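This report refers to the structure that appears directly beneath it.
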Amino acid sequence: MNRRFPLLTFTGLLLFAMACDGPTVPGPGRLTSIVHVSAGLAHTCALKTGGTVVCWGDNGSGETSVPGGLDSVTQMDAGRARTCALKRNGTVVCWGSTGGGTAVPLDLGSVSQVSAGGFHICALKTDGTVVCWGSNTAGQLAVPDGGASVVQVTAGYGHTCALRTDRTVVCWGADNHGQATVPGGLGSVAQISAGFYHNCALRTDGTVVCWGFNISGQVGVPAGLASVAQVSAGYGHSCAIKADRTVACWGFDIDRQATAPAGLASVAHISAGFYHSCAVKTDETVVCWGSNAYGQTAVPAA
């Protein structure tokens, strides 16, 4: 077992074994008209300006098989072995693994954001409340205080965090590495991202705070990192977009998932996955780097 990251799950061990041939850092993405990208376990999905979704990488559970006719998508998220999309009419569509009761509830109602985690999914409804479904082995579905007055929800592997309207954060579920224990004095938060066993929060002053599992330095925010525009927590690494639209990543780097490609600039959106990372540039193209064991960094032509 790798001493640098000893607590791999069985899925992580499989990916690790397939990635041992060395890192793959592909060239610039060829997809165009992309507004958002999401790096999952071993697959990646991108949202196009016209409201359609393109996915690539591992399809062992159908997580890259975008349902035919899916359009009018406004937001999507790639999780462990599934992908979920939010349509303009407030409905949610998910595909891939349906194990653990992850099928979308029929009575979900109108949704404004969806987040796919390890074995559970959470949705922020238009009334500011949170609903989660799927596996509840660690209490990741037990939304505290009714989950009201929420502006963002993010599902990790076995825990969930939410950002409230007063800019405070609440987390629940698995807390074996302190990932569900929000640090005291966190302050005013603008955006939150739940990773595998850790979280990162972007504060309204542009600084970043991370907490939880830190065996690979994934919560060790680089000194002097400020004026951040967005943060993303992955499996064992974290990434942020800096004020100059360049990327800073830190943590587990066995496949160079925490080493942004040389010359990467003009980044509008970043997503840290399991052993890979992806970014959308301001010209609406995609760049991915890190493990390509399942083709998750091989950005397609269309």
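If you're wondering about the labels, chains in the structure tokens are A, B, ... by order shown, residues count from 1 in each chain, ligands from 1 in order shown.
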### Query
Where in segment 54-188 of chain A does DSSP assign strand (DSSP E), given as a ChimeraX atom specification?
/A:54-57,73-78,82-87,92-96,111-116,120-125,130-134,150-155,159-164,169-173
### Message
I'd like the neighbourhood of segment 235-241 of chain A as number ranges by chain, where a residue qualifies if any of its atoms comes within 6 Å (using only C-alpha atoms), though same-chain residues fewer than 5 positions away should be ignored.
### Response
A: 195-196, 218, 228-230, 246-252, 274
Output of the above residues as a PDB file, in the first residue's frame, restricted to N, CA and C atoms:
ATOM      1  N   GLY A 195     -14.344  17.674  -0.840  1.00  0.00           N
ATOM      2  CA  GLY A 195     -13.576  16.659  -1.534  1.00  0.00           C
ATOM      3  C   GLY A 195     -13.855  15.276  -0.969  1.00  0.00           C
ATOM      4  N   PHE A 196     -12.870  14.399  -1.079  1.00  0.00           N
ATOM      5  CA  PHE A 196     -13.046  13.025  -0.606  1.00  0.00           C
ATOM      6  C   PHE A 196     -13.138  12.991   0.923  1.00  0.00           C
ATOM      7  N   GLN A 218      -3.231  18.188   1.311  1.00  0.00           N
ATOM      8  CA  GLN A 218      -4.343  18.749   0.550  1.00  0.00           C
ATOM      9  C   GLN A 218      -5.068  19.888   1.253  1.00  0.00           C
ATOM     10  N   VAL A 228      -8.366  34.884  -4.475  1.00  0.00           N
ATOM     11  CA  VAL A 228      -8.789  33.671  -5.184  1.00  0.00           C
ATOM     12  C   VAL A 228     -10.206  33.855  -5.717  1.00  0.00           C
ATOM     13  N   ALA A 229     -10.431  33.328  -6.925  1.00  0.00           N
ATOM     14  CA  ALA A 229     -11.742  33.441  -7.563  1.00  0.00           C
ATOM     15  C   ALA A 229     -12.602  32.196  -7.377  1.00  0.00           C
ATOM     16  N   GLN A 230     -11.967  31.013  -7.235  1.00  0.00           N
ATOM     17  CA  GLN A 230     -12.702  29.762  -7.065  1.00  0.00           C
ATOM     18  C   GLN A 230     -11.774  28.715  -6.496  1.00  0.00           C
ATOM     19  N   THR A 246      -4.495  32.357 -13.283  1.00  0.00           N
ATOM     20  CA  THR A 246      -3.653  31.165 -13.305  1.00  0.00           C
ATOM     21  C   THR A 246      -4.129  30.228 -12.204  1.00  0.00           C
ATOM     22  N   VAL A 247      -3.579  29.010 -12.186  1.00  0.00           N
ATOM     23  CA  VAL A 247      -4.051  27.972 -11.273  1.00  0.00           C
ATOM     24  C   VAL A 247      -2.976  27.606 -10.259  1.00  0.00           C
ATOM     25  N   ALA A 248      -3.387  27.427  -9.025  1.00  0.00           N
ATOM     26  CA  ALA A 248      -2.519  26.899  -7.976  1.00  0.00           C
ATOM     27  C   ALA A 248      -3.152  25.615  -7.445  1.00  0.00           C
ATOM     28  N   CYS A 249      -2.400  24.517  -7.435  1.00  0.00           N
ATOM     29  CA  CYS A 249      -2.879  23.259  -6.874  1.00  0.00           C
ATOM     30  C   CYS A 249      -1.875  22.761  -5.844  1.00  0.00           C
ATOM     31  N   TRP A 250      -2.343  21.986  -4.879  1.00  0.00           N
ATOM     32  CA  TRP A 250      -1.464  21.452  -3.845  1.00  0.00           C
ATOM     33  C   TRP A 250      -2.027  20.116  -3.347  1.00  0.00           C
ATOM     34  N   GLY A 251      -1.128  19.303  -2.766  1.00  0.00           N
ATOM     35  CA  GLY A 251      -1.534  18.012  -2.231  1.00  0.00           C
ATOM     36  C   GLY A 251      -0.983  16.847  -3.029  1.00  0.00           C
ATOM     37  N   PHE A 252      -1.690  15.739  -3.031  1.00  0.00           N
ATOM     38  CA  PHE A 252      -1.283  14.485  -3.662  1.00  0.00           C
ATOM     39  C   PHE A 252      -1.009  14.702  -5.151  1.00  0.00           C
ATOM     40  N   PHE A 274     -10.401  12.860  -8.848  1.00  0.00           N
ATOM     41  CA  PHE A 274      -9.741  11.834  -8.044  1.00  0.00           C
ATOM     42  C   PHE A 274      -8.233  11.900  -8.256  1.00  0.00           C
TER      43      PHE A 274
END
Show which residues sit within 10 Å of Val54 of chain A, as a PDB file with C-alpha atoms, in the first residue's frame. Count only C-alpha atoms, and ignore same-chain residues fewer than 6 positions away.
ATOM      1  CA  LEU A  31     -13.876  21.075 -26.970  1.00  0.00           C
ATOM      2  CA  ILE A  34     -17.678  25.135 -22.658  1.00  0.00           C
ATOM      3  CA  VAL A  37     -16.314  21.273 -16.272  1.00  0.00           C
ATOM      4  CA  THR A  44     -15.094  14.101 -16.723  1.00  0.00           C
ATOM      5  CA  CYS A  45     -18.131  16.011 -17.946  1.00  0.00           C
ATOM      6  CA  ALA A  46     -18.434  19.442 -19.528  1.00  0.00           C
ATOM      7  CA  LEU A  47     -21.416  21.743 -19.971  1.00  0.00           C
ATOM      8  CA  LYS A  48     -21.652  23.517 -23.316  1.00  0.00           C
ATOM      9  CA  THR A  64     -20.367   9.063 -19.373  1.00  0.00           C
ATOM     10  CA  SER A  65     -23.434   7.870 -21.310  1.00  0.00           C
ATOM     11  CA  VAL A  66     -25.323  11.157 -21.448  1.00  0.00           C
ATOM     12  CA  VAL A 299     -10.580  15.854 -23.952  1.00  0.00           C
ATOM     13  CA  PRO A 300     -12.690  14.860 -26.981  1.00  0.00           C
ATOM     14  CA  ALA A 302     -16.684  17.463 -29.855  1.00  0.00           C
TER      15      ALA A 302
END
Write out as JSON lines a residue-level contact list of segment 71-169 of chain A versus segment 208-215 of chain A with cut-off 12 Å: for each qualifying residue the closest pair of atoms and the distance in Å to one decimal, counting only C-alpha atoms, rows sorted by chain and residue number upward.
{"residue": "A:Gly156", "atom": "CA", "partner": "A:Gly212", "partner_atom": "CA", "distance": 11.5}
{"residue": "A:His159", "atom": "CA", "partner": "A:Gly212", "partner_atom": "CA", "distance": 11.2}
{"residue": "A:Val169", "atom": "CA", "partner": "A:Val209", "partner_atom": "CA", "distance": 12.0}
Writer output for current selection, N, CA and C atoms, as a compact mmCIF listing (two decimals), in the first residue's frame:
# COMPACT_ATOMS: atom_id res chain seq x y z
N GLY A 156 -19.41 15.48 -0.57
CA GLY A 156 -18.13 14.80 -0.59
C GLY A 156 -18.32 13.31 -0.71
N HIS A 159 -19.68 12.75 3.26
CA HIS A 159 -20.15 13.89 4.04
C HIS A 159 -20.69 14.95 3.09
N VAL A 169 -20.90 28.15 7.20
CA VAL A 169 -20.87 26.81 6.63
C VAL A 169 -21.31 25.79 7.67
### Query
Using only C-alpha atoms, which residues sit within 7 Å of Gly79 of chain A once same-chain residues fewer than 3 positions away are excluded, as a ChimeraX atom specification?
/A:40-41,82-83,116-118
### Contacts of Val286 of chain A within 10 Å, only C-alpha atoms, excl. fewer than 4 positions in-chain, as a ChimeraX atom specification
/A:27-37,46,267,269-270,278-282,297,299-300
### Task
Work out how far atom CA of Pro105 of chain A is from atom CA of Leu70 of chain A, in Å to one decimal.
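Distance reported for this atom pair: 18.4 Å.
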### Query
Expressed in Å to a single decimal, how great is the separation between atom CA of Ala243 of chain A and atom CA of Ser266 of chain A?
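Taking atom CA of Ala243 of chain A and atom CA of Ser266 of chain A, their separation equals 10.0 Å.
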